[in-house]
Amino acid sequence: MDKFEILKTYFGYDSFRDGQEQLIDCLLEGRDVLGVMPTGAGKSLCYQVPALLLEGITLVISPLISLMKDQVGALNSAGVHAAYLNSSLTPGQYRKALEYARAGRYPIIYVAPERLTTEEFLDFAQNARISMIAVDEAHCVSQWGQDFRPSYLKIARFMERLSSRPVVGAFTATATREVQDDIVRMLELHSPRVLTAGFNRPNLYFAVQAPKDRYAVVKRYLDTHREESGIIYCLTRKTVEEVCDRLRQDGFSVTRYHAGLSDGERQKNQDDFIYDRSPVMVATNAFGMGIDKSNVRFVIHYQMPKNMESYYQEAGRAGRDGEPAACILLYGGQDVITNQFFIEHGQDNEELDAVSRALVQEQDRDRLKKMTFYCFTNECLREYILRYFGEYGENYCGNCLNCLTQFETVDVTEIAKSMIDCARSCGQRYGINVLLDTLHGANTAKIRQYGMTENPQYGAWSKEPAYRLRQVLNYLLLNTYLRTTNDEYLLVKLTEKSRLVLEGQERIQIKMAREQEQLPEEKRKKKRKVKAASGLSGGVFTEEAQKIFEKLRALRMEIAREEQVPPYIVFSDKTLVLMSVQKPKNKKEMLAVSGVGAFKYEKYGERFLKCLKKSTES
Ligand code: ADP
Ligand code: MG
């Protein structure tokens, strides 16, 4: 078989996505690769396909037990023999798995990094033919990344001890330069081909809102999206519990996940979510790495996360099937403070020495700042994200809240002048809030104590709404007419560009929303319909097709129950949608549906054909 036949037979797809083929070809030629692709882009296939073509065993190193279980489950249901080796196995099961592995039963073995350097595993690996090592979530090897795992440092040592060096593929969704360099260095990749695939996910809709009552927004959203599966991310365990409890009381079928729960409960809740028994998950960022649930229709951030990397990774768990999905971030001023607290007091970096820790903190503050800017920009949100990851967007994507909102351009040069003058005249000694309070003429103890009531700009803009002043200041920071220090105090400082405004050489014009408007749900819905329809190869998703889809979905649930696998492992939503539109009548037509491979056809094909026949007749 060649790579295309593998793709079709085992995975049921007709073509590779951007970047996949290049990475696969490199690995097959024996060249190391580093694949940087956003969540949902399809990194797994990049090593699974060559694993099935190369002779010998591919070891996949992966950080999380749940992730391995999921992937191994999916592979086996596609007809690929795969196994995992981690601490969730009993010693007996572990030995049995190794025995089968020795006998050459598995072309693909997932292994936890801690295992690599144990005697038992080394003994196996040194005597087996390991032809490839795939390092998934490779950013875990970098101290600059957000998920540093010391056990990843063992990978290079492990490879040195093998009799011959296998080809190595590293995969991550984190695109920053430092992290990429670290991966190449720490994994000791040999002149790797580094391939960054497009970060744009056109099917994702982005929105930022700063509502007074976040819970009300979430509740309304869930109310109007009853049938959909989604994730609600919170910053703290406590918030997870609160939101989850309230939603339950309000009659929604939700579950929860955070590091404070027992292993048993975490596993159960995750399963409930994956198996669609509780379609909505409320969780901290502990949840989701490697979760390949393809029908997540929305990801709501109840609070602002700590950086854009985390945000895009978490938000990217929506819409993996390529169908329209929503990523909504709810922002509140307190979020910045909570995140700052995590940076100053976080336990993330306990293993680092003082100097490295200070560097990491500085970097974290900088990232937090850029995350905050995302919440305030009135420009295209997708453009902002893409630029952050070093790509260029089109300024107008037409599928984010900002692109769909009516803005007017307002000249705020005079306010900007006052702000810069205020920062200058107080000796650049104070932070954002003092500055804003001064302009607004607040009469608080702090302002008096700092002597800001004497500042020439005190009360200069007392009639302007506070949020507007904040918007102007954010614009100035975003466009470096002012900057803040990169320590925990965030003091406002002048920049080279400040002068241009003070001297009247540049005018400041910003876009402001006409009304303090919220999610234009109706507009979006309309758009979504068009998009969904045009995205389907077979044509429009008619009412009839929808009915068929529901029948197919019920059959899928029935099979999932019988086999005790998550429904999407049987077939993805997208595949069912295609079936209900294309209405295949025989084996040949069924195999032409994207997502239906030979192996899955053997297992389920007849039943789905029968179901289709019945529902098109009636
Ligand atoms: P990542 O690890 O990059 O986040 P995954 O490997 O989990 O992404 O893949 C995301 C989804 O995309 C999966 O449901 C997978 O089956 C699907 N997928 C991957 N490659 C293709 C392809 N060439 N055609 C269609 N679907 C694909
Ligand atoms: Mg993955």
# chains A, B, ... in the order shown; residues from 1 in each chain; ligands from 1
call {"tool": "residues_near_ligand", "arguments": {"ligand": "ligand 1", "cutoff": "8 Å", "atoms": "only C-alpha atoms and all ligand atoms", "output": "PyMOL selection string"}}
result
chain A and resi 7+11+13-17+20+37-46+172-173+290-294+317+320-322+572+594-595
call {"tool": "atom_distance", "arguments": {"atom1": "atom CA of Gln471 of chain A", "atom2": "atom CA of Tyr374 of chain A"}}
result
12.2 Å
call {"tool": "select_by_dssp", "arguments": {"residues": "segment 387-567 of chain A", "states": "strand (DSSP E or B)", "output": "ChimeraX atom specification"}}
result
/A:400,407-411,431,482-484,491-494,509-513
call {"tool": "residues_around", "arguments": {"residues": "Phe549 of chain A", "least_positions_apart": "5", "cutoff": "9 Å", "atoms": "only C-alpha atoms", "output": "ChimeraX atom specification"}}
result
/A:544,554,573,576-581
call {"tool": "residues_around", "arguments": {"residues": "Glu241 of chain A", "least_positions_apart": "3", "cutoff": "9 Å", "atoms": "only C-alpha atoms", "output": "PyMOL selection string"}}
result
chain A and resi 236-238+244-246+256-257+282-283
call {"tool": "atom_distance", "arguments": {"atom1": "atom CA of Tyr84 of chain A", "atom2": "atom CA of Ala128 of chain A"}}
result
16.1 Å
call {"tool": "closest_atom_pairs", "arguments": {"of": "segment 116-157 of chain A", "to": "segment 351-373 of chain A", "cutoff": "9 Å", "atoms": "only C-alpha atoms", "output": "tab-separated table"}}
result
residue	atom	partner	partner_atom	distance
A:Gln143	CA	A:Val360	CA	8.2
A:Trp144	CA	A:Val360	CA	6.7
A:Pro150	CA	A:Glu351	CA	8.7
call {"tool": "residues_around", "arguments": {"residues": "Arg149 of chain A", "least_positions_apart": "3", "cutoff": "10 Å", "atoms": "only C-alpha atoms", "output": "list in words"}}
result
Pro63, Pro113, Ala138, His139, Cys140, Val141, Ser142, Gln143, Gly145, Gln146, Tyr152 and Leu153 of chain A
call {"tool": "closest_residue", "arguments": {"among": "A:Ala78, A:Ile508, A:Leu59, A:Met281", "to": "Arg115 of chain A", "atoms": "only C-alpha atoms"}}
result
A:Leu59
call {"tool": "select_by_dssp", "arguments": {"residues": "segment 25-70 of chain A", "states": "helix (DSSP H, G or I)", "output": "mmCIF file with C-alpha atoms, in the first residue's frame"}}
result
data_model
loop_
_atom_site.group_PDB
_atom_site.id
_atom_site.type_symbol
_atom_site.label_atom_id
_atom_site.label_comp_id
_atom_site.auth_asym_id
_atom_site.auth_seq_id
_atom_site.Cartn_x
_atom_site.Cartn_y
_atom_site.Cartn_z
ATOM 1 C CA ASP A 25 7.304 12.210 2.855
ATOM 2 C CA CYS A 26 10.195 13.528 4.917
ATOM 3 C CA LEU A 27 9.729 10.903 7.592
ATOM 4 C CA LEU A 28 9.529 8.168 4.978
ATOM 5 C CA GLU A 29 12.803 9.395 3.504
ATOM 6 C CA LYS A 43 -0.904 16.111 13.412
ATOM 7 C CA SER A 44 -1.598 12.505 14.400
ATOM 8 C CA LEU A 45 -1.933 11.358 10.812
ATOM 9 C CA CYS A 46 1.516 12.761 10.065
ATOM 10 C CA TYR A 47 3.117 10.014 12.097
ATOM 11 C CA GLN A 48 0.419 7.371 11.946
ATOM 12 C CA VAL A 49 0.544 7.056 8.179
ATOM 13 C CA PRO A 50 4.332 6.603 7.925
ATOM 14 C CA ALA A 51 4.214 4.281 10.933
ATOM 15 C CA LEU A 52 2.107 1.917 8.853
ATOM 16 C CA LEU A 53 4.459 2.148 5.892
ATOM 17 C CA ILE A 65 -2.675 8.948 29.721
ATOM 18 C CA SER A 66 -6.114 10.008 28.564
ATOM 19 C CA LEU A 67 -4.653 11.126 25.270
ATOM 20 C CA MET A 68 -3.004 7.778 24.638
ATOM 21 C CA LYS A 69 -6.090 5.848 25.490
ATOM 22 C CA ASP A 70 -8.122 7.948 23.120
#
call {"tool": "atom_distance", "arguments": {"atom1": "atom CA of Phe206 of chain A", "atom2": "atom CA of Leu482 of chain A"}}
result
27.5 Å
call {"tool": "closest_residue", "arguments": {"among": "A:Val194, A:Val243, A:Val570, A:Leu187", "to": "Leu75 of chain A", "atoms": "only C-alpha atoms"}}
result
A:Val570
call {"tool": "closest_residue", "arguments": {"among": "A:Gln313, A:Gln209, A:Gln449, A:Thr239", "to": "ligand 2", "atoms": "only C-alpha atoms and all ligand atoms"}}
result
A:Gln313
call {"tool": "residues_around", "arguments": {"residues": "Lys96 of chain A", "least_positions_apart": "4", "cutoff": "12 Å", "atoms": "only C-alpha atoms", "output": "list in words"}}
result
Ala83, Tyr84, Leu85, Leu89, Thr90, Pro91, Gly92, Tyr100, Ala101, Arg102, Ala103 and Arg105 of chain A
call {"tool": "write_last_selection", "arguments": {"atoms": "C-alpha atoms", "output": "compact mmCIF listing (two decimals), in the first residue's frame"}}
result
# COMPACT_ATOMS: atom_id res chain seq x y z
CA ALA A 83 -1.11 -0.32 22.24
CA TYR A 84 -0.11 2.00 25.04
CA LEU A 85 2.34 1.60 27.86
CA LEU A 89 -1.80 -0.59 33.25
CA THR A 90 -1.34 -3.11 36.03
CA PRO A 91 2.10 -4.76 36.12
CA GLY A 92 0.53 -7.86 34.61
CA TYR A 100 2.98 -8.74 22.36
CA ALA A 101 5.14 -5.81 21.36
CA ARG A 102 8.20 -8.07 21.28
CA ALA A 103 6.30 -10.48 19.11
CA ARG A 105 2.12 -7.33 17.05
call {"tool": "residues_around", "arguments": {"residues": "Cys422 of chain A", "least_positions_apart": "6", "cutoff": "12 Å", "atoms": "only C-alpha atoms", "output": "MDAnalysis selection string"}}
result
chainID A and resid 415:416 428:432 434:440 452:461 473 482 492:494 498 502
call {"tool": "write_last_selection", "arguments": {"atoms": "N, CA, C and O atoms", "output": "short mmCIF file (atom, residue, chain, number, x, y, z; two decimals), in the first residue's frame"}}
result
data_model
loop_
_atom_site.label_atom_id
_atom_site.label_comp_id
_atom_site.auth_asym_id
_atom_site.auth_seq_id
_atom_site.Cartn_x
_atom_site.Cartn_y
_atom_site.Cartn_z
N ILE A 415 -7.63 63.29 23.88
CA ILE A 415 -7.57 62.40 25.05
C ILE A 415 -6.17 61.78 25.12
O ILE A 415 -5.56 61.72 26.18
N ALA A 416 -5.68 61.33 23.97
CA ALA A 416 -4.36 60.69 23.93
C ALA A 416 -3.29 61.64 24.43
O ALA A 416 -2.42 61.26 25.22
N GLN A 428 6.38 59.24 35.13
CA GLN A 428 6.23 57.86 34.63
C GLN A 428 6.32 56.86 35.79
O GLN A 428 6.89 55.79 35.66
N ARG A 429 5.74 57.28 36.91
CA ARG A 429 5.90 56.46 38.12
C ARG A 429 4.70 55.58 38.44
O ARG A 429 4.74 54.81 39.37
N TYR A 430 3.60 55.77 37.72
CA TYR A 430 2.39 55.07 38.14
C TYR A 430 1.83 54.13 37.06
O TYR A 430 2.21 54.21 35.90
N GLY A 431 0.93 53.30 37.51
CA GLY A 431 0.34 52.30 36.62
C GLY A 431 -0.92 52.79 35.91
O GLY A 431 -1.35 53.94 36.06
N ILE A 432 -1.51 51.87 35.16
CA ILE A 432 -2.66 52.17 34.32
C ILE A 432 -3.84 52.77 35.09
O ILE A 432 -4.42 53.78 34.70
N VAL A 434 -4.04 54.28 38.03
CA VAL A 434 -3.82 55.62 38.57
C VAL A 434 -3.98 56.65 37.45
O VAL A 434 -4.63 57.69 37.62
N LEU A 435 -3.43 56.32 36.32
CA LEU A 435 -3.51 57.23 35.17
C LEU A 435 -4.97 57.49 34.79
O LEU A 435 -5.40 58.64 34.62
N LEU A 436 -5.73 56.42 34.66
CA LEU A 436 -7.13 56.56 34.24
C LEU A 436 -7.93 57.31 35.30
O LEU A 436 -8.73 58.19 34.97
N ASP A 437 -7.70 56.96 36.56
CA ASP A 437 -8.43 57.63 37.65
C ASP A 437 -8.12 59.12 37.67
O ASP A 437 -9.00 59.95 37.94
N THR A 438 -6.88 59.46 37.39
CA THR A 438 -6.49 60.87 37.37
C THR A 438 -7.26 61.62 36.28
O THR A 438 -7.87 62.66 36.54
N LEU A 439 -7.23 61.09 35.09
CA LEU A 439 -7.93 61.77 33.99
C LEU A 439 -9.42 61.89 34.28
O LEU A 439 -10.06 62.87 33.94
N HIS A 440 -9.94 60.87 34.92
CA HIS A 440 -11.37 60.84 35.20
C HIS A 440 -11.72 61.69 36.41
O HIS A 440 -12.89 61.91 36.71
N MET A 452 -1.88 63.08 42.89
CA MET A 452 -2.34 63.22 41.50
C MET A 452 -3.45 64.27 41.36
O MET A 452 -3.78 64.68 40.26
N THR A 453 -4.03 64.69 42.50
CA THR A 453 -5.05 65.74 42.39
C THR A 453 -4.41 67.06 41.94
O THR A 453 -5.09 67.96 41.46
N GLU A 454 -3.10 67.12 42.09
CA GLU A 454 -2.36 68.32 41.65
C GLU A 454 -1.90 68.22 40.19
O GLU A 454 -1.39 69.17 39.63
N ASN A 455 -2.04 67.04 39.62
CA ASN A 455 -1.57 66.85 38.24
C ASN A 455 -2.35 67.74 37.28
O ASN A 455 -3.57 67.88 37.42
N PRO A 456 -1.67 68.35 36.30
CA PRO A 456 -2.38 69.24 35.37
C PRO A 456 -3.54 68.56 34.63
O PRO A 456 -4.47 69.23 34.19
N GLN A 457 -3.49 67.25 34.52
CA GLN A 457 -4.55 66.55 33.78
C GLN A 457 -5.66 66.02 34.69
O GLN A 457 -6.57 65.35 34.23
N TYR A 458 -5.56 66.31 35.98
CA TYR A 458 -6.54 65.76 36.91
C TYR A 458 -7.96 66.22 36.53
O TYR A 458 -8.23 67.41 36.41
N GLY A 459 -8.83 65.27 36.31
CA GLY A 459 -10.22 65.59 35.99
C GLY A 459 -10.44 66.15 34.59
O GLY A 459 -11.54 66.59 34.26
N ALA A 460 -9.41 66.11 33.75
CA ALA A 460 -9.53 66.70 32.41
C ALA A 460 -10.62 66.02 31.59
O ALA A 460 -11.22 66.63 30.71
N TRP A 461 -10.87 64.76 31.83
CA TRP A 461 -11.88 64.02 31.06
C TRP A 461 -12.92 63.39 31.98
O TRP A 461 -13.32 62.25 31.79
N LEU A 473 -6.51 54.28 26.07
CA LEU A 473 -5.22 53.88 26.63
C LEU A 473 -4.76 52.54 26.04
O LEU A 473 -3.59 52.36 25.69
N LEU A 482 2.51 54.42 24.04
CA LEU A 482 2.91 54.30 25.44
C LEU A 482 3.26 52.84 25.65
O LEU A 482 2.91 51.99 24.84
N VAL A 492 3.28 52.93 33.60
CA VAL A 492 3.12 53.45 32.24
C VAL A 492 4.30 54.36 31.89
O VAL A 492 4.62 55.31 32.61
N LYS A 493 4.97 54.04 30.79
CA LYS A 493 6.15 54.79 30.35
C LYS A 493 5.93 55.38 28.96
O LYS A 493 5.16 54.84 28.17
N LEU A 494 6.68 56.44 28.67
CA LEU A 494 6.63 57.01 27.33
C LEU A 494 7.49 56.19 26.36
O LEU A 494 8.36 55.44 26.79
N SER A 498 5.66 58.63 21.55
CA SER A 498 4.80 59.50 22.36
C SER A 498 4.87 60.95 21.86
O SER A 498 3.86 61.65 21.77
N LEU A 502 2.16 64.20 21.15
CA LEU A 502 2.22 65.44 21.94
C LEU A 502 2.46 66.64 21.05
O LEU A 502 1.89 67.71 21.25
#
call {"tool": "closest_residue", "arguments": {"among": "A:Val208, A:Leu491, A:Ile109, A:Ala259", "to": "Arg382 of chain A", "atoms": "only C-alpha atoms"}}
result
A:Val208
call {"tool": "closest_residue", "arguments": {"among": "A:Gln22, A:Ser615, A:Thr409, A:Ser62", "to": "ligand 2", "atoms": "only C-alpha atoms and all ligand atoms"}}
result
A:Ser62
